[in-house]
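Raw structure.txt, compact mmCIF, C-alpha atoms (C1' of nucleotides):
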# COMPACT_ATOMS: atom_id res chain seq x y z
CA MET U 199 0.00 0.00 0.00
CA PRO U 200 1.33 3.42 -0.93
CA SER U 201 2.43 5.87 1.74
CA PRO U 202 0.10 8.81 2.21
CA LEU U 203 1.18 12.32 1.40
CA PRO U 204 2.85 13.77 4.49
CA THR U 205 1.26 16.81 6.08
CA GLU U 206 3.18 20.03 6.52
CA ALA U 207 4.40 19.21 10.02
CA GLU U 208 5.24 15.69 8.99
CA LEU U 209 7.22 16.97 6.07
CA SER U 210 9.32 19.16 8.33
CA ILE U 211 10.22 16.09 10.36
CA LEU U 212 10.98 14.03 7.29
CA GLN U 213 13.35 16.78 6.18
CA VAL U 214 15.27 16.32 9.41
CA LEU U 215 15.39 12.54 9.07
CA TRP U 216 16.51 12.76 5.46
CA GLN U 217 19.29 15.10 6.46
CA ARG U 218 20.39 13.51 9.72
CA GLY U 219 19.56 9.90 9.07
CA PRO U 220 18.06 7.73 11.84
CA SER U 221 17.42 9.92 14.86
CA THR U 222 15.95 9.85 18.34
CA VAL U 223 13.10 12.13 19.28
CA ARG U 224 15.52 14.37 21.13
CA GLU U 225 17.80 14.70 18.15
CA ALA U 226 14.94 15.41 15.80
CA HIS U 227 13.49 17.90 18.25
CA GLN U 228 16.75 19.78 18.60
CA ALA U 229 17.20 19.94 14.84
CA LEU U 230 13.66 21.19 14.34
CA GLU U 231 13.90 23.77 17.09
CA THR U 232 16.54 25.68 15.18
CA SER U 233 13.95 26.63 12.59
CA ARG U 234 10.71 26.81 14.58
CA ALA U 235 9.44 26.62 18.14
CA VAL U 236 7.99 23.22 18.85
CA GLY U 237 7.54 21.14 21.97
CA TYR U 238 9.34 17.87 22.59
CA THR U 239 6.18 15.84 23.02
CA THR U 240 4.78 17.36 19.87
CA VAL U 241 7.63 15.88 17.89
CA LEU U 242 7.22 12.59 19.72
CA LYS U 243 3.52 12.46 18.96
CA LEU U 244 4.08 13.28 15.32
CA LEU U 245 6.67 10.54 14.99
CA GLN U 246 4.26 8.08 16.58
CA ILE U 247 1.54 9.07 14.13
CA MET U 248 3.98 8.88 11.24
CA THR U 249 4.92 5.37 12.35
CA GLU U 250 1.28 4.33 12.14
CA LYS U 251 0.99 5.88 8.70
CA GLY U 252 4.11 4.10 7.51
CA LEU U 253 6.05 7.29 6.83
CA VAL U 254 8.79 6.29 9.26
CA THR U 255 9.97 3.13 10.96
CA ARG U 256 11.26 2.90 14.49
CA ASP U 257 13.78 0.83 16.33
CA THR U 258 12.67 0.26 19.91
CA ALA U 259 15.72 -1.72 20.95
CA GLN U 260 17.01 1.14 23.08
CA ARG U 261 15.02 3.12 25.56
CA ALA U 262 15.21 6.13 23.31
CA HIS U 263 13.57 4.85 20.14
CA VAL U 264 15.31 5.57 16.88
CA TYR U 265 13.21 6.77 13.97
CA GLU U 266 14.10 6.51 10.33
CA ALA U 267 12.37 7.79 7.23
CA ALA U 268 10.49 5.00 5.49
CA VAL U 269 9.82 7.05 2.38
CA GLY U 270 12.45 8.51 0.10
CA GLU U 271 12.84 12.21 -0.47
CA ASP U 272 12.55 11.83 -4.22
CA ALA U 273 9.41 9.74 -3.96
CA VAL U 274 7.73 12.28 -1.71
CA GLN U 275 8.80 15.17 -3.90
CA GLN U 276 7.40 13.44 -6.96
CA HIS U 277 4.18 12.65 -5.15
CA LEU U 278 3.83 16.27 -4.09
CA ILE U 279 4.50 17.52 -7.59
CA HIS U 280 2.06 15.06 -9.07
CA THR U 281 -0.64 16.26 -6.69
CA LEU U 282 0.11 19.89 -7.36
CA LEU U 283 0.12 19.20 -11.08
CA ASP U 284 -3.37 17.74 -10.90
CA GLN U 285 -4.84 20.27 -8.52
CA ALA U 286 -3.46 23.49 -9.89
CA PHE U 287 -1.85 23.03 -13.27
CA GLY U 288 -4.29 20.88 -15.18
CA GLY U 289 -1.59 18.24 -15.41
CA SER U 290 0.73 20.40 -17.50
CA ALA U 291 4.32 19.99 -16.35
CA LYS U 292 5.35 22.70 -18.76
CA LYS U 293 3.20 25.29 -17.03
CA LEU U 294 4.53 24.28 -13.67
CA ILE U 295 8.11 24.51 -14.82
CA LEU U 296 7.63 27.88 -16.45
CA GLN U 297 6.11 29.21 -13.25
CA ALA U 298 8.89 27.74 -11.18
CA LEU U 299 11.45 29.44 -13.37
CA SER U 300 9.71 32.78 -12.91
CA VAL U 301 9.26 32.40 -9.17
CA LYS U 302 12.85 31.97 -8.24
CA GLU U 303 16.05 33.21 -9.72
CA SER U 304 18.26 30.36 -10.72
CA THR U 305 21.96 30.55 -11.33
CA ALA U 306 23.45 30.09 -14.75
CA GLU U 307 24.84 26.76 -13.61
CA GLU U 308 21.41 25.57 -12.56
CA LEU U 309 19.90 26.69 -15.84
CA ASP U 310 22.58 24.73 -17.65
CA GLU U 311 21.84 21.62 -15.65
CA ILE U 312 18.18 21.93 -16.50
CA ARG U 313 19.05 22.36 -20.14
CA ALA U 314 21.24 19.28 -19.99
CA LEU U 315 18.37 17.26 -18.63
CA LEU U 316 16.11 18.54 -21.37
CA ASP U 317 18.64 17.35 -23.90
CA GLU U 318 18.87 13.96 -22.30
CA ILE U 319 15.12 13.51 -22.25
CA GLU U 320 14.87 14.45 -25.88
CA ARG U 321 17.69 12.11 -26.79
CA ARG U 322 15.99 9.22 -25.02
CA SER U 323 12.75 9.63 -26.91
CA MET O 176 -3.48 42.45 2.28
CA PRO O 177 -2.42 39.33 0.45
CA SER O 178 -4.90 36.62 -0.40
CA PRO O 179 -4.46 33.42 1.57
CA LEU O 180 -3.48 30.21 -0.12
CA PRO O 181 -6.68 28.47 -1.26
CA THR O 182 -7.42 25.08 0.22
CA GLU O 183 -7.91 22.05 -1.97
CA ALA O 184 -11.67 22.42 -2.28
CA GLU O 185 -11.32 26.14 -2.84
CA LEU O 186 -8.79 25.54 -5.56
CA SER O 187 -11.17 23.23 -7.39
CA ILE O 188 -13.73 26.02 -7.42
CA LEU O 189 -11.22 28.60 -8.55
CA GLN O 190 -10.34 26.32 -11.46
CA VAL O 191 -13.96 26.46 -12.54
CA LEU O 192 -14.14 30.23 -12.23
CA TRP O 193 -10.88 30.68 -14.13
CA GLN O 194 -12.20 28.50 -16.90
CA ARG O 195 -15.80 29.67 -17.07
CA GLY O 196 -15.41 33.24 -15.92
CA PRO O 197 -18.03 34.80 -13.60
CA SER O 198 -20.53 32.13 -12.63
CA THR O 199 -23.54 31.52 -10.47
CA VAL O 200 -23.50 28.86 -7.79
CA ARG O 201 -25.56 26.60 -10.01
CA GLU O 202 -23.18 26.95 -12.91
CA ALA O 203 -20.15 26.32 -10.74
CA HIS O 204 -21.87 23.36 -9.14
CA GLN O 205 -22.71 21.79 -12.47
CA ALA O 206 -19.17 22.25 -13.72
CA LEU O 207 -17.72 20.73 -10.55
CA GLU O 208 -20.10 17.82 -10.54
CA THR O 209 -18.63 16.48 -13.76
CA SER O 210 -15.41 15.68 -11.92
CA ARG O 211 -16.55 14.88 -8.39
CA ALA O 212 -19.72 14.40 -6.37
CA VAL O 213 -20.50 17.48 -4.36
CA GLY O 214 -23.69 19.02 -3.00
CA TYR O 215 -25.12 22.29 -4.19
CA THR O 216 -25.04 23.92 -0.78
CA THR O 217 -21.48 22.79 -0.29
CA VAL O 218 -20.42 24.83 -3.29
CA LEU O 219 -22.51 27.74 -2.08
CA LYS O 220 -20.96 27.65 1.36
CA LEU O 221 -17.47 27.45 -0.06
CA LEU O 222 -18.10 30.43 -2.28
CA GLN O 223 -19.40 32.39 0.71
CA ILE O 224 -16.27 31.53 2.69
CA MET O 225 -14.08 32.39 -0.26
CA THR O 226 -15.81 35.75 -0.50
CA GLU O 227 -14.91 36.47 3.12
CA LYS O 228 -11.34 35.44 2.48
CA GLY O 229 -11.11 37.66 -0.57
CA LEU O 230 -10.50 34.82 -3.00
CA VAL O 231 -13.61 35.70 -5.00
CA THR O 232 -15.93 38.67 -5.38
CA ARG O 233 -19.67 38.48 -5.86
CA ASP O 234 -22.25 40.51 -7.63
CA THR O 235 -25.53 40.41 -5.74
CA ALA O 236 -27.49 42.49 -8.22
CA GLN O 237 -29.47 39.48 -9.37
CA ARG O 238 -31.13 36.94 -7.15
CA ALA O 239 -28.62 34.35 -8.23
CA HIS O 240 -25.37 35.94 -7.12
CA VAL O 241 -22.54 35.90 -9.62
CA TYR O 242 -19.11 34.95 -8.33
CA GLU O 243 -15.81 35.85 -9.94
CA ALA O 244 -12.26 34.89 -9.07
CA ALA O 245 -10.50 37.73 -7.26
CA VAL O 246 -7.09 36.12 -7.54
CA GLY O 247 -5.29 35.31 -10.76
CA GLU O 248 -4.40 31.80 -11.77
CA ASP O 249 -0.76 32.73 -12.25
CA ALA O 250 -0.52 34.38 -8.85
CA VAL O 251 -1.99 31.36 -7.09
CA GLN O 252 0.22 28.97 -9.02
CA GLN O 253 3.30 30.95 -8.09
CA HIS O 254 2.20 31.11 -4.47
CA LEU O 255 1.70 27.35 -4.42
CA ILE O 256 5.07 26.73 -6.02
CA HIS O 257 6.77 29.06 -3.61
CA THR O 258 5.27 27.23 -0.67
CA LEU O 259 6.16 23.84 -2.08
CA LEU O 260 9.67 25.06 -2.81
CA ASP O 261 10.15 26.07 0.82
CA GLN O 262 8.49 23.05 2.38
CA ALA O 263 9.86 20.25 0.29
CA PHE O 264 12.69 21.41 -1.96
CA GLY O 265 14.88 23.50 0.31
CA GLY O 266 14.15 26.46 -1.92
CA SER O 267 15.85 24.92 -4.95
CA ALA O 268 13.85 25.58 -8.09
CA LYS O 269 16.26 23.40 -10.00
CA LYS O 270 15.39 20.34 -7.95
CA LEU O 271 11.71 20.98 -8.36
CA ILE O 272 12.02 21.37 -12.10
CA LEU O 273 14.11 18.25 -12.48
CA GLN O 274 11.53 16.28 -10.53
CA ALA O 275 8.70 17.75 -12.56
CA LEU O 276 10.42 16.70 -15.75
CA SER O 277 10.78 13.18 -14.48
CA VAL O 278 7.22 12.92 -13.18
CA LYS O 279 5.46 13.62 -16.40
CA GLU O 280 6.34 13.03 -19.98
CA SER O 281 6.41 16.24 -21.90
CA THR O 282 6.16 16.60 -25.64
CA ALA O 283 9.08 17.75 -27.73
CA GLU O 284 7.27 21.02 -28.31
CA GLU O 285 6.93 21.60 -24.61
CA LEU O 286 10.56 20.83 -24.02
CA ASP O 287 11.44 23.35 -26.70
CA GLU O 288 9.30 25.99 -25.07
CA ILE O 289 11.02 25.39 -21.78
CA ARG O 290 14.38 25.62 -23.46
CA ALA O 291 13.35 28.89 -25.07
CA LEU O 292 12.46 30.33 -21.68
CA LEU O 293 15.79 29.21 -20.29
CA ASP O 294 17.50 31.08 -23.09
CA GLU O 295 15.48 34.19 -22.45
CA ILE O 296 16.26 34.15 -18.76
CA GLU O 297 19.92 33.74 -19.44
CA ARG O 298 19.85 36.55 -21.97
CA ARG O 299 18.20 38.90 -19.51
CA SER O 300 20.83 38.40 -16.85
C1' DG B 123 17.43 2.91 47.93
C1' DG B 124 15.57 7.69 46.96
C1' DG B 125 15.46 11.37 44.04
C1' DT B 126 16.25 13.44 39.62
C1' DA B 127 16.43 13.22 34.73
C1' DT B 128 14.92 11.19 30.48
C1' DG B 129 11.86 8.70 27.91
C1' DT B 130 7.17 6.89 26.02
C1' DA B 131 2.13 6.74 25.92
C1' DC B 132 -2.09 8.78 25.84
C1' DG B 133 -5.83 11.93 25.94
C1' DA B 134 -7.69 16.02 24.76
C1' DA B 135 -8.10 20.79 23.43
C1' DG B 136 -7.86 24.18 19.67
C1' DT B 137 -8.11 25.13 15.00
C1' DG B 138 -9.22 24.73 10.17
C1' DT B 139 -11.60 22.28 6.40
C1' DT B 140 -15.33 20.11 4.24
C1' DT B 141 -19.78 18.73 4.08
C1' DC B 142 -24.65 19.12 4.15
C1' DG B 143 -29.37 19.72 6.37
C1' DT B 144 -32.79 22.99 7.44
C1' DA B 145 -34.97 27.36 7.45
C1' DA B 146 -36.12 31.51 5.31
C1' DT B 147 -36.66 34.22 1.19
C1' DT B 148 -37.70 35.23 -3.49
C1' DA B 149 -39.27 34.13 -8.09
C1' DA B 150 -42.03 31.47 -11.37
C1' DT B 151 -46.27 29.05 -12.48
C1' DA B 152 -50.76 27.10 -12.55
C1' DT K 183 -53.58 33.75 -5.27
C1' DA K 184 -51.63 29.35 -3.91
C1' DT K 185 -48.11 26.05 -4.95
C1' DT K 186 -43.87 24.83 -6.53
C1' DA K 187 -39.10 25.78 -7.60
C1' DA K 188 -34.84 28.09 -6.88
C1' DT K 189 -31.83 30.62 -4.03
C1' DT K 190 -29.36 32.34 0.04
C1' DA K 191 -28.14 32.08 4.91
C1' DC K 192 -26.89 29.72 8.80
C1' DG K 193 -25.58 26.22 12.00
C1' DA K 194 -23.47 22.27 13.03
C1' DA K 195 -21.50 17.74 12.44
C1' DA K 196 -17.55 15.06 10.95
C1' DC K 197 -12.95 14.84 10.13
C1' DA K 198 -7.97 15.85 10.10
C1' DC K 199 -4.05 18.36 11.87
C1' DT K 200 -1.31 20.31 15.39
C1' DT K 201 -0.15 21.05 19.82
C1' DC K 202 0.88 20.04 24.46
C1' DG K 203 -0.11 18.54 29.39
C1' DT K 204 -0.10 14.75 32.36
C1' DA K 205 0.77 10.17 33.71
C1' DC K 206 3.66 6.53 33.89
C1' DA K 207 7.97 3.88 33.16
C1' DT K 208 12.89 3.50 33.05
C1' DA K 209 17.59 4.78 33.79
C1' DC K 210 21.06 7.38 36.33
C1' DC K 211 23.42 9.19 40.45
C1' DC K 212 24.34 10.38 45.30
Using structure tokens, write down the structure from this file.
Amino acid sequence: MPSPLPTEAELSILQVLWQRGPSTVREAHQALETSRAVGYTTVLKLLQIMTEKGLVTRDTAQRAHVYEAAVGEDAVQQHLIHTLLDQAFGGSAKKLILQALSVKESTAEELDEIRALLDEIERRS
Amino acid sequence: MPSPLPTEAELSILQVLWQRGPSTVREAHQALETSRAVGYTTVLKLLQIMTEKGLVTRDTAQRAHVYEAAVGEDAVQQHLIHTLLDQAFGGSAKKLILQALSVKESTAEELDEIRALLDEIERRS
DNA sequence: GGGTATGTACGAAGTGTTTCGTAATTAATA
DNA sequence: TATTAATTACGAAACACTTCGTACATACCC
């Protein structure tokens, strides 16, 4: 069964796990606190909920349980984009990309990388 | 004051208004019903809430009020992308674009259009 | 061993979203 | 004019998300 789309708070925790790797509640809490105020038990509760949803797994061998992301960052990003594509862009990836390019300045290097990928896609087809 | 980000249900209604232009509740309801089951008063209530939020305006001159989108499709799309960029892509438009390209097949024409925009951006800078 | 710190579990409140039923009002029709 | 149809307004239920307080269990330290 496919993992559900993480909520906003869940996503912020996944970001930490993707960056840090397997982490205890305390570690995740400390990492999160640098960007936003959040209580320790709030993080704990979220991780428990995310375990039920299958977004993370946990190792209960030690007293302080260790949580690990059960979904990949790429998979979640693609899921999010797919949803956004359907809900707001009529399924047109082109529109989404054009908007993304206009929203945020990209460096010349980034633009080149995008162009390179375009070339590769076209070559494959 | 800036318009809030529309919720999922609100976005589905905005899509209708962007496509149809100013519409009565009945018209919006009929258009929505083709894609998902939803009650008439549900659409009405949503439009009333959206009026309070400033997402739509309404003309009450006739008995059947006429609702019109008060936010542009482009503006909402950019707002959504900006939020997604922050929440799931660490602010990197490049990453988002690369993922979007891999999520959905684009036609050669679309790829060319994207490439043209890349060129234009690079020329401007 | 007794007290402090650290951890998990659980319940519940607060908020926002979505949905629709019901009542009241206005227009159309027989 | 009386009935029916269409419309708006309003309240509230159902659900999900987020947050945290409290209770309880476990480890550590003097």
Determine, using only C-alpha atoms (C1' of nucleotides), which residues of chain K have any atom at most 10 Å from an atom of chain U, and tabulate each with its shortest atom pair and distance in Å to one decimal place, rows ordered by chain and then rising number, as JSON lines.
{"residue": "K:DC199", "atom": "C1'", "partner": "U:Thr205", "partner_atom": "CA", "distance": 8.0}
{"residue": "K:DT200", "atom": "C1'", "partner": "U:Ala207", "partner_atom": "CA", "distance": 7.9}
{"residue": "K:DT201", "atom": "C1'", "partner": "U:Thr240", "partner_atom": "CA", "distance": 6.2}
{"residue": "K:DC202", "atom": "C1'", "partner": "U:Thr240", "partner_atom": "CA", "distance": 6.6}
{"residue": "K:DG203", "atom": "C1'", "partner": "U:Thr239", "partner_atom": "CA", "distance": 9.4}
{"residue": "K:DT208", "atom": "C1'", "partner": "U:Arg261", "partner_atom": "CA", "distance": 7.8}
{"residue": "K:DA209", "atom": "C1'", "partner": "U:Arg261", "partner_atom": "CA", "distance": 8.8}
When the cut-off is 8 Å and we count all atoms listed in the file, which residues of chain B are near chain O, given as number ranges by chain? B: 139-142, 148
Would you mind aligning chain O to chain U, a least-squares fit over all C-alpha atoms taken in order, and returning the superposed chain as an mmCIF file with C-alpha atoms, in the frame of the given file?
data_model
loop_
_atom_site.group_PDB
_atom_site.id
_atom_site.type_symbol
_atom_site.label_atom_id
_atom_site.label_comp_id
_atom_site.auth_asym_id
_atom_site.auth_seq_id
_atom_site.Cartn_x
_atom_site.Cartn_y
_atom_site.Cartn_z
ATOM 1 C CA MET O 176 0.189 -0.121 0.025
ATOM 2 C CA PRO O 177 1.369 3.334 -0.911
ATOM 3 C CA SER O 178 2.470 5.806 1.714
ATOM 4 C CA PRO O 179 0.114 8.725 2.205
ATOM 5 C CA LEU O 180 1.167 12.238 1.390
ATOM 6 C CA PRO O 181 2.823 13.709 4.499
ATOM 7 C CA THR O 182 1.193 16.736 6.052
ATOM 8 C CA GLU O 183 3.091 19.960 6.519
ATOM 9 C CA ALA O 184 4.307 19.170 10.022
ATOM 10 C CA GLU O 185 5.174 15.640 8.993
ATOM 11 C CA LEU O 186 7.148 16.931 6.060
ATOM 12 C CA SER O 187 9.217 19.160 8.317
ATOM 13 C CA ILE O 188 10.148 16.105 10.351
ATOM 14 C CA LEU O 189 10.938 14.045 7.291
ATOM 15 C CA GLN O 190 13.296 16.806 6.167
ATOM 16 C CA VAL O 191 15.197 16.368 9.405
ATOM 17 C CA LEU O 192 15.353 12.600 9.066
ATOM 18 C CA TRP O 193 16.479 12.834 5.444
ATOM 19 C CA GLN O 194 19.224 15.202 6.457
ATOM 20 C CA ARG O 195 20.355 13.627 9.712
ATOM 21 C CA GLY O 196 19.544 10.007 9.035
ATOM 22 C CA PRO O 197 18.083 7.820 11.820
ATOM 23 C CA SER O 198 17.435 9.992 14.850
ATOM 24 C CA THR O 199 15.982 9.909 18.311
ATOM 25 C CA VAL O 200 13.091 12.147 19.258
ATOM 26 C CA ARG O 201 15.468 14.423 21.115
ATOM 27 C CA GLU O 202 17.755 14.787 18.142
ATOM 28 C CA ALA O 203 14.884 15.478 15.783
ATOM 29 C CA HIS O 204 13.413 17.943 18.241
ATOM 30 C CA GLN O 205 16.655 19.851 18.577
ATOM 31 C CA ALA O 206 17.089 20.019 14.823
ATOM 32 C CA LEU O 207 13.522 21.244 14.340
ATOM 33 C CA GLU O 208 13.747 23.803 17.085
ATOM 34 C CA THR O 209 16.370 25.758 15.181
ATOM 35 C CA SER O 210 13.754 26.686 12.594
ATOM 36 C CA ARG O 211 10.521 26.829 14.575
ATOM 37 C CA ALA O 212 9.254 26.619 18.140
ATOM 38 C CA VAL O 213 7.831 23.212 18.851
ATOM 39 C CA GLY O 214 7.428 21.109 21.983
ATOM 40 C CA TYR O 215 9.270 17.887 22.604
ATOM 41 C CA THR O 216 6.134 15.814 23.009
ATOM 42 C CA THR O 217 4.708 17.299 19.854
ATOM 43 C CA VAL O 218 7.584 15.853 17.874
ATOM 44 C CA LEU O 219 7.220 12.563 19.702
ATOM 45 C CA LYS O 220 3.525 12.358 18.961
ATOM 46 C CA LEU O 221 4.063 13.192 15.320
ATOM 47 C CA LEU O 222 6.682 10.501 14.993
ATOM 48 C CA GLN O 223 4.310 7.991 16.588
ATOM 49 C CA ILE O 224 1.574 8.946 14.127
ATOM 50 C CA MET O 225 4.009 8.793 11.248
ATOM 51 C CA THR O 226 5.011 5.311 12.349
ATOM 52 C CA GLU O 227 1.383 4.204 12.148
ATOM 53 C CA LYS O 228 1.057 5.752 8.726
ATOM 54 C CA GLY O 229 4.194 4.032 7.507
ATOM 55 C CA LEU O 230 6.089 7.241 6.833
ATOM 56 C CA VAL O 231 8.842 6.272 9.267
ATOM 57 C CA THR O 232 10.075 3.119 10.967
ATOM 58 C CA ARG O 233 11.389 2.906 14.500
ATOM 59 C CA ASP O 234 13.922 0.840 16.296
ATOM 60 C CA THR O 235 12.849 0.261 19.881
ATOM 61 C CA ALA O 236 15.929 -1.676 20.918
ATOM 62 C CA GLN O 237 17.172 1.196 23.044
ATOM 63 C CA ARG O 238 15.135 3.168 25.512
ATOM 64 C CA ALA O 239 15.310 6.178 23.257
ATOM 65 C CA HIS O 240 13.655 4.866 20.117
ATOM 66 C CA VAL O 241 15.408 5.613 16.856
ATOM 67 C CA TYR O 242 13.258 6.792 13.972
ATOM 68 C CA GLU O 243 14.145 6.548 10.305
ATOM 69 C CA ALA O 244 12.372 7.812 7.215
ATOM 70 C CA ALA O 245 10.525 4.986 5.470
ATOM 71 C CA VAL O 246 9.825 7.033 2.369
ATOM 72 C CA GLY O 247 12.429 8.509 0.065
ATOM 73 C CA GLU O 248 12.813 12.210 -0.471
ATOM 74 C CA ASP O 249 12.531 11.820 -4.227
ATOM 75 C CA ALA O 250 9.371 9.749 -3.982
ATOM 76 C CA VAL O 251 7.681 12.281 -1.722
ATOM 77 C CA GLN O 252 8.770 15.178 -3.901
ATOM 78 C CA GLN O 253 7.371 13.487 -6.976
ATOM 79 C CA HIS O 254 4.146 12.680 -5.161
ATOM 80 C CA LEU O 255 3.803 16.303 -4.090
ATOM 81 C CA ILE O 256 4.496 17.559 -7.589
ATOM 82 C CA HIS O 257 2.027 15.143 -9.069
ATOM 83 C CA THR O 258 -0.665 16.336 -6.709
ATOM 84 C CA LEU O 259 0.118 19.976 -7.349
ATOM 85 C CA LEU O 260 0.140 19.320 -11.079
ATOM 86 C CA ASP O 261 -3.369 17.875 -10.917
ATOM 87 C CA GLN O 262 -4.821 20.412 -8.517
ATOM 88 C CA ALA O 263 -3.427 23.629 -9.857
ATOM 89 C CA PHE O 264 -1.784 23.161 -13.248
ATOM 90 C CA GLY O 265 -4.259 21.062 -15.193
ATOM 91 C CA GLY O 266 -1.609 18.379 -15.424
ATOM 92 C CA SER O 267 0.754 20.533 -17.478
ATOM 93 C CA ALA O 268 4.326 20.079 -16.325
ATOM 94 C CA LYS O 269 5.372 22.791 -18.725
ATOM 95 C CA LYS O 270 3.258 25.397 -16.975
ATOM 96 C CA LEU O 271 4.581 24.367 -13.612
ATOM 97 C CA ILE O 272 8.166 24.552 -14.775
ATOM 98 C CA LEU O 273 7.705 27.931 -16.393
ATOM 99 C CA GLN O 274 6.205 29.267 -13.182
ATOM 100 C CA ALA O 275 8.987 27.757 -11.115
ATOM 101 C CA LEU O 276 11.554 29.454 -13.298
ATOM 102 C CA SER O 277 9.857 32.776 -12.832
ATOM 103 C CA VAL O 278 9.401 32.403 -9.079
ATOM 104 C CA LYS O 279 12.999 31.951 -8.181
ATOM 105 C CA GLU O 280 16.189 33.147 -9.708
ATOM 106 C CA SER O 281 18.380 30.275 -10.682
ATOM 107 C CA THR O 282 22.092 30.419 -11.300
ATOM 108 C CA ALA O 283 23.557 29.951 -14.742
ATOM 109 C CA GLU O 284 24.898 26.595 -13.624
ATOM 110 C CA GLU O 285 21.465 25.460 -12.590
ATOM 111 C CA LEU O 286 19.965 26.586 -15.846
ATOM 112 C CA ASP O 287 22.626 24.600 -17.658
ATOM 113 C CA GLU O 288 21.839 21.510 -15.649
ATOM 114 C CA ILE O 289 18.193 21.849 -16.509
ATOM 115 C CA ARG O 290 19.060 22.280 -20.146
ATOM 116 C CA ALA O 291 21.214 19.168 -20.001
ATOM 117 C CA LEU O 292 18.303 17.163 -18.635
ATOM 118 C CA LEU O 293 16.062 18.483 -21.376
ATOM 119 C CA ASP O 294 18.574 17.256 -23.915
ATOM 120 C CA GLU O 295 18.767 13.859 -22.307
ATOM 121 C CA ILE O 296 15.015 13.474 -22.260
ATOM 122 C CA GLU O 297 14.775 14.430 -25.873
ATOM 123 C CA ARG O 298 17.544 12.020 -26.781
ATOM 124 C CA ARG O 299 15.809 9.158 -25.022
ATOM 125 C CA SER O 300 12.571 9.601 -26.910
#
Using all atoms listed in the file and a cut-off of 8 Å, which residues of chain U sit close to chain O? Please list them as a PyMOL selection string. chain U and resi 206+209-210+213+272+275-276+279-280+285-287+291-292+294-299+301-302+304+306+308-309+312-313+315-316+320
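For the point (-18.3, 33.4, -13.9) in file coordinates, the residues within 7 Å, using only C-alpha atoms (C1' of nucleotides), are Leu192, Arg195, Gly196, Pro197, Ser198, Thr199, Val241, Tyr242 and Glu243 of chain O.
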Which value, in Å to one decimal, gives the distance between atom CA of U:Leu203 and atom CA of U:Ala259?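 Taking atom CA of U:Leu203 as the start and atom CA of U:Ala259 as the end point, the length is 28.1 Å.
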Excluding stretch 205-207 of chain K and any residue of its chain fewer than 4 positions from it, enumerate the residues within 10 Å of it, using only C-alpha atoms (C1' of nucleotides), and give them as a ChimeraX atom specification. /B:129-132
Spatial neighbours of K:DT183, 12 Å, only C-alpha atoms (C1' of nucleotides), chain gap at least 2 places, as a list in words: DT151 and DA152 of chain B; DT185 of chain K
Please, what is the axis-aligned box for every listed atom of stretch 232-236 of chain O with 3 Å on each side, as centre and edge lengths in Å to one decimal, as lines of an AutoDock Vina configuration file?
center_x = -21.7
center_y = 40.5
center_z = -6.8
size_x = 17.6
size_y = 10.0
size_z = 8.8
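Atom CA of U:Thr281 sits 22.6 Å away from atom CA of U:Val214.
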How many Å separate atom CA of U:Thr255 from atom CA of U:Gln228?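 Taking atom CA of U:Thr255 and atom CA of U:Gln228, their separation equals 19.5 Å.
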Select, counting only C-alpha atoms (C1' of nucleotides), all protein, DNA and RNA residues no farther than 12 Å from (-32.3, 33.4, 1.4) in file coordinates, and express the selection as a PyMOL selection string. (chain O and resi 219+238-240) or (chain B and resi 145-149) or (chain K and resi 188-192)
Neighbours of B:DT126 within 10 Å (only C-alpha atoms (C1' of nucleotides); same-chain residues fewer than 2 positions away dropped), as a list in words?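 Contacts, with the query itself left out: DG124 and DT128 of chain B; DC210 and DC211 of chain K.
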Put those residues in a file: C-alpha atoms (C1' of nucleotides), as an mmCIF file, keeping the file's coordinate frame.
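Below is the file that was written, result_7.cif:
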data_model
loop_
_atom_site.group_PDB
_atom_site.id
_atom_site.type_symbol
_atom_site.label_atom_id
_atom_site.label_comp_id
_atom_site.auth_asym_id
_atom_site.auth_seq_id
_atom_site.Cartn_x
_atom_site.Cartn_y
_atom_site.Cartn_z
ATOM 1 C "C1'" DG B 124 15.570 7.690 46.960
ATOM 2 C "C1'" DT B 128 14.920 11.190 30.480
ATOM 3 C "C1'" DC K 210 21.060 7.380 36.330
ATOM 4 C "C1'" DC K 211 23.420 9.190 40.450
#
